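Visitor: Dumping the structure here so I can ask a few things about it.
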Amino acid sequence: MKALRASVALLLLASACGPASAPVSSPAETSAAAKPRKDEAKATPALEPSAEEEADAQTAAMVSAMLERVAKARALPIRRSVPIKVLGRDAMLERIRETVKRDTPEAALTSQGEVLAALELVPPEYDFVAGAFALLGGRVAGFYDPEDRTMVLADDLGEEEAAETLAHELAHALADQTFPLEPMVKYVPGDGDRLSAVHAVIEGDATSVMLDVTVGSAFKMSEEALRLAFVASTAMSEVGAKTPRALQSSLIAPYIDGFALVQAMRRRGDWATVDTVWRAMPESTEQLLHPDKLLSREPPEKIEVPALGKLGERGFKAVIDDVIGEQGLRIALEDWTTRAEAGTASAGWGGDRFVVAEKAMPDAPGKKQVAVAWFLRMDTAADAKEVAAVLARNFGKVCRERPAVGPFSWELRGRDIAVVAGPYQREGTVVAKSAGTCADSSAWLREVWSSAPSDKKPAPATQ
């Protein structure tokens, strides 16, 4: 649930809108910012503008007019014009792929997909990276790239959808001129939860501006109505119908949660109060989801990387470690229980960290073994029991053998929960078989507890 938000959507601030039928322009790529040099203009003064040049001029005028509307609605100054490119969807997705490949280690994407498989949030045979790109490519209508300060618009949008997308993406561009985005969204290993919170603020701000511009006021749209619209639009699309729910939620969550925070800040003091959030972004999705905790700057609890124990002696090495966060915990719990119970249970999040470990198999090229450990600390023992109740219903109270993704063990102690999953063996994206037993899993779980951060050594609680 983290990779799509922190590794893809962060890099290209995208409008996740559905495709339309009527094209905005016919060229595969049009740059409205491109202008002829003075000497070229003098050399051909009598030539009539081509259809492509007229389309460029119309697009540039449309962007300029929308930028003025966005600036007025958002109460931020226009400091520079915004170049725009109109691309076909294949070209848009290729640009996204290139950006992700350049800025995000491949292991960070594939390993986060292993977390989803190990926690049974996606089928074990699901190709997470391909699925994430397919979902983003099928839903994106435009994006703003803070690296080159250019926005890109899909070439198959109808008039209304083009206006909504322009308003959203130009809100990103305008914000970038006052609050530079590129340093904020830069991929940082192990910083996924904070990056998810930042991304949500950015998307929530742009969503609020878009609604101000297109429907007159963002306050005409409730957070729940917006969520239902996103859920329906995503789930009913061809690619969305084939995408596991956790990934759909990962795409939607930044818009909904960010919009809720921005609207809460606007109720306190409109855009001036939102600007204070931009100057001191949330440090966690807990702060994002609870404005009172943001205002008090309640910090997340620091959790050390779970120990590999004897797995390390067997050749396993940590590939990535990161924080799932309250938003990610809620998304996971929503797969295992009702949305209402997931929201209540996740609200007591205090801190967490997971690790993905892999073992290379030199005698079997293309194969590897994978294991995942996760340590979660809640605010109180009562909060931890709420999460434990969900885990018990879905995974049982004792270790469970799983033929595809290996054994699964977990334990509650006080306000802490430790989870270990695997090891299991992969060949490419295909899960071959479990590579561990419950005896191995239980031993690893004890080793995770032995290296766990101290919480006054609470006595084990009965599950």
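Identifiers in the structure tokens: chain A, B, ... in order shown; residue index from 1 per chain; ligand index from 1 in order shown.
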Give me the residues near stretch 239-253 of chain A as a VMD selection string, where near means some atom within 10 Å (using only C-alpha atoms) and where sequence neighbours in that chain fewer than 3 positions away do not count.

Guide: chain A and resid 1 to 6 8 to 9 16 116 121 to 123 126 128 131 to 132 134 to 139 196 200 203 to 204 227 230 to 236 256 to 259 327 to 328 330 to 335

Visitor: Go ahead and save the picked residues with C-alpha atoms, as an mmCIF file, in the first residue's frame.

Guide:
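Saved as part-v4.cif:
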data_model
loop_
_atom_site.group_PDB
_atom_site.id
_atom_site.type_symbol
_atom_site.label_atom_id
_atom_site.label_comp_id
_atom_site.auth_asym_id
_atom_site.auth_seq_id
_atom_site.Cartn_x
_atom_site.Cartn_y
_atom_site.Cartn_z
ATOM 1 C CA MET A 1 0.000 0.000 0.000
ATOM 2 C CA LYS A 2 2.990 2.303 0.292
ATOM 3 C CA ALA A 3 4.811 2.015 -3.017
ATOM 4 C CA LEU A 4 2.158 3.463 -5.277
ATOM 5 C CA ARG A 5 1.859 6.513 -3.061
ATOM 6 C CA ALA A 6 5.470 7.074 -2.095
ATOM 7 C CA VAL A 8 5.056 6.570 -8.139
ATOM 8 C CA ALA A 9 2.472 9.210 -7.407
ATOM 9 C CA ALA A 16 -6.226 10.302 -11.263
ATOM 10 C CA LEU A 116 1.630 -6.720 0.103
ATOM 11 C CA LEU A 121 -3.135 -7.823 0.363
ATOM 12 C CA VAL A 122 -2.423 -8.909 -3.211
ATOM 13 C CA PRO A 123 -2.429 -12.439 -4.667
ATOM 14 C CA TYR A 126 0.310 -10.611 -8.745
ATOM 15 C CA PHE A 128 2.922 -5.523 -8.312
ATOM 16 C CA GLY A 131 -0.059 -3.610 -11.865
ATOM 17 C CA ALA A 132 0.817 -0.276 -10.272
ATOM 18 C CA ALA A 134 -1.220 -0.189 -15.332
ATOM 19 C CA LEU A 135 -3.484 1.354 -12.698
ATOM 20 C CA LEU A 136 -1.751 4.716 -12.856
ATOM 21 C CA GLY A 137 -1.555 4.681 -16.649
ATOM 22 C CA GLY A 138 -5.208 3.822 -17.033
ATOM 23 C CA ARG A 139 -6.419 6.504 -14.638
ATOM 24 C CA SER A 196 2.892 9.880 1.890
ATOM 25 C CA ALA A 200 -1.507 13.935 0.468
ATOM 26 C CA GLU A 203 -2.979 16.499 -3.691
ATOM 27 C CA GLY A 204 -5.537 17.724 -1.173
ATOM 28 C CA ARG A 227 -14.351 9.420 -1.613
ATOM 29 C CA PHE A 230 -13.146 8.249 -6.521
ATOM 30 C CA VAL A 231 -13.939 4.695 -5.417
ATOM 31 C CA ALA A 232 -16.667 4.270 -8.027
ATOM 32 C CA SER A 233 -14.593 5.790 -10.824
ATOM 33 C CA THR A 234 -11.566 3.625 -10.053
ATOM 34 C CA ALA A 235 -13.312 0.329 -9.336
ATOM 35 C CA MET A 236 -15.556 0.590 -12.408
ATOM 36 C CA ILE A 256 -9.300 12.010 0.018
ATOM 37 C CA ASP A 257 -7.167 12.312 3.153
ATOM 38 C CA GLY A 258 -5.351 15.377 1.850
ATOM 39 C CA PHE A 259 -8.615 17.052 0.897
ATOM 40 C CA GLN A 327 -2.753 5.594 6.658
ATOM 41 C CA GLY A 328 -1.088 2.404 5.439
ATOM 42 C CA ARG A 330 -5.862 1.640 7.792
ATOM 43 C CA ILE A 331 -5.627 0.540 4.152
ATOM 44 C CA ALA A 332 -4.387 -2.887 5.233
ATOM 45 C CA LEU A 333 -7.052 -3.309 7.894
ATOM 46 C CA GLU A 334 -9.763 -2.356 5.389
ATOM 47 C CA ASP A 335 -8.874 -5.547 3.519
#

Visitor: Which residues, written as a list in words, have at least one atom at most 8 Å from stretch 384-395 of chain A, with only C-alpha atoms counted and residues fewer than 4 positions away on the same chain left out?

Guide: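 These residues fall inside the cut-off: Leu333, Trp336, Thr337, Ala345, Ser346, Gly348, Arg377, Met378, Asp379, Thr380, Arg400, Phe408, Leu412, Gly414, Arg415, Asp416, Ile417 and Gln463 of chain A.
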
Visitor: Could you pull out the strand (DSSP E or B) residues of stretch 94-273 of chain A, going by DSSP on the backbone, and write them as a list in words?

Guide: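 Across stretch 94-273 of chain A, those assigned strand (DSSP E or B) are Gly142, Phe143, Tyr144, Asp145, Thr150, Met151, Val152, Leu153 and Ala154 of chain A.
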
Visitor: Please indicate the distance in Å from atom CA of A:Ala357 to atom CA of A:Thr437, rounded to one decimal place.

Guide: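 Atom CA of A:Thr437 lies at a distance of 16.7 Å from atom CA of A:Ala357.
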
Visitor: Using only C-alpha atoms, what table do you get, as a Markdown table, when you list each residue of stretch 167-275 of chain A with an atom no more than 12 Å from stretch 300-322 of chain A, its nearest pair of atoms, and their distance in Å rounded to one decimal, rows by chain then rising number?

Guide:
| residue | atom | partner | partner_atom | distance |
| --- | --- | --- | --- | --- |
| A:Val188 | CA | A:Asp322 | CA | 10.1 |
| A:Pro189 | CA | A:Asp322 | CA | 7.4 |
| A:Gly190 | CA | A:Asp322 | CA | 4.2 |
| A:Asp191 | CA | A:Asp322 | CA | 6.4 |
| A:Gly192 | CA | A:Asp322 | CA | 6.3 |
| A:Asp193 | CA | A:Asp322 | CA | 7.8 |
| A:Arg194 | CA | A:Pro300 | CA | 10.0 |
| A:Leu195 | CA | A:Asp322 | CA | 11.1 |
| A:Ser196 | CA | A:Asp322 | CA | 11.8 |

Visitor: Rounded to one decimal in Å, what is the spacing between atom CA of A:Arg297 and atom CA of A:Glu326?

Guide: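 Here the two named atoms are 15.3 Å from each other.
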
Visitor: Please compute the atom CA of A:Phe143-atom CA of A:His172 distance, one decimal, in Å.

Guide: 8.9 Å

Visitor: What lies within 8 Å of A:Met210 using only C-alpha atoms, ignoring chain neighbours under 2 positions off, as a VMD selection string?

Guide: chain A and resid 70 164 167 to 168 171 206 to 208 212 to 214 218

Visitor: Please write the residues from the selection above to a file, keeping N, CA, C and O atoms, as a PDB file, in the first residue's frame.

Guide:
ATOM      1  N   VAL A  70      -6.967  29.870 -11.321  1.00  0.00           N
ATOM      2  CA  VAL A  70      -6.417  29.110 -10.211  1.00  0.00           C
ATOM      3  C   VAL A  70      -5.723  30.032  -9.209  1.00  0.00           C
ATOM      4  O   VAL A  70      -5.889  29.894  -7.995  1.00  0.00           O
ATOM      5  N   GLU A 164     -11.054  20.334 -15.605  1.00  0.00           N
ATOM      6  CA  GLU A 164     -10.795  19.863 -14.244  1.00  0.00           C
ATOM      7  C   GLU A 164      -9.322  19.496 -14.067  1.00  0.00           C
ATOM      8  O   GLU A 164      -8.701  19.832 -13.047  1.00  0.00           O
ATOM      9  N   ALA A 167      -7.115  22.607 -13.999  1.00  0.00           N
ATOM     10  CA  ALA A 167      -7.236  23.303 -12.720  1.00  0.00           C
ATOM     11  C   ALA A 167      -6.419  22.597 -11.643  1.00  0.00           C
ATOM     12  O   ALA A 167      -5.705  23.234 -10.857  1.00  0.00           O
ATOM     13  N   HIS A 168      -6.493  21.268 -11.618  1.00  0.00           N
ATOM     14  CA  HIS A 168      -5.774  20.493 -10.603  1.00  0.00           C
ATOM     15  C   HIS A 168      -4.254  20.608 -10.790  1.00  0.00           C
ATOM     16  O   HIS A 168      -3.510  20.913  -9.846  1.00  0.00           O
ATOM     17  N   ALA A 171      -2.802  24.017 -10.215  1.00  0.00           N
ATOM     18  CA  ALA A 171      -2.705  24.283  -8.777  1.00  0.00           C
ATOM     19  C   ALA A 171      -1.375  23.757  -8.243  1.00  0.00           C
ATOM     20  O   ALA A 171      -0.732  24.397  -7.396  1.00  0.00           O
ATOM     21  N   ALA A 206      -4.546  20.749  -4.195  1.00  0.00           N
ATOM     22  CA  ALA A 206      -4.929  20.888  -5.603  1.00  0.00           C
ATOM     23  C   ALA A 206      -6.377  20.471  -5.829  1.00  0.00           C
ATOM     24  O   ALA A 206      -7.082  21.060  -6.655  1.00  0.00           O
ATOM     25  N   THR A 207      -6.842  19.464  -5.095  1.00  0.00           N
ATOM     26  CA  THR A 207      -8.238  19.031  -5.235  1.00  0.00           C
ATOM     27  C   THR A 207      -9.185  20.113  -4.741  1.00  0.00           C
ATOM     28  O   THR A 207     -10.223  20.391  -5.361  1.00  0.00           O
ATOM     29  N   SER A 208      -8.845  20.747  -3.633  1.00  0.00           N
ATOM     30  CA  SER A 208      -9.678  21.829  -3.100  1.00  0.00           C
ATOM     31  C   SER A 208      -9.728  23.011  -4.062  1.00  0.00           C
ATOM     32  O   SER A 208     -10.794  23.582  -4.326  1.00  0.00           O
ATOM     33  N   ASP A 212     -12.972  24.587  -6.145  1.00  0.00           N
ATOM     34  CA  ASP A 212     -13.283  26.020  -6.084  1.00  0.00           C
ATOM     35  C   ASP A 212     -13.475  26.578  -7.490  1.00  0.00           C
ATOM     36  O   ASP A 212     -14.395  27.362  -7.754  1.00  0.00           O
ATOM     37  N   VAL A 213     -12.605  26.168  -8.398  1.00  0.00           N
ATOM     38  CA  VAL A 213     -12.626  26.704  -9.761  1.00  0.00           C
ATOM     39  C   VAL A 213     -13.770  26.118 -10.579  1.00  0.00           C
ATOM     40  O   VAL A 213     -14.457  26.836 -11.316  1.00  0.00           O
ATOM     41  N   THR A 214     -14.001  24.826 -10.454  1.00  0.00           N
ATOM     42  CA  THR A 214     -14.937  24.165 -11.366  1.00  0.00           C
ATOM     43  C   THR A 214     -16.375  24.101 -10.865  1.00  0.00           C
ATOM     44  O   THR A 214     -17.299  24.050 -11.677  1.00  0.00           O
ATOM     45  N   ALA A 218     -15.147  24.419  -2.936  1.00  0.00           N
ATOM     46  CA  ALA A 218     -14.831  23.065  -2.503  1.00  0.00           C
ATOM     47  C   ALA A 218     -15.740  22.626  -1.360  1.00  0.00           C
ATOM     48  O   ALA A 218     -15.901  21.426  -1.117  1.00  0.00           O
TER      49      ALA A 218
END

Visitor: Pick out the closest residue to A:Leu166 from this set: A:Arg413, A:His290, A:Lys85, A:Arg102. Count only C-alpha atoms.

Guide: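 So, comparing all the options, the nearest one is A:Lys85.
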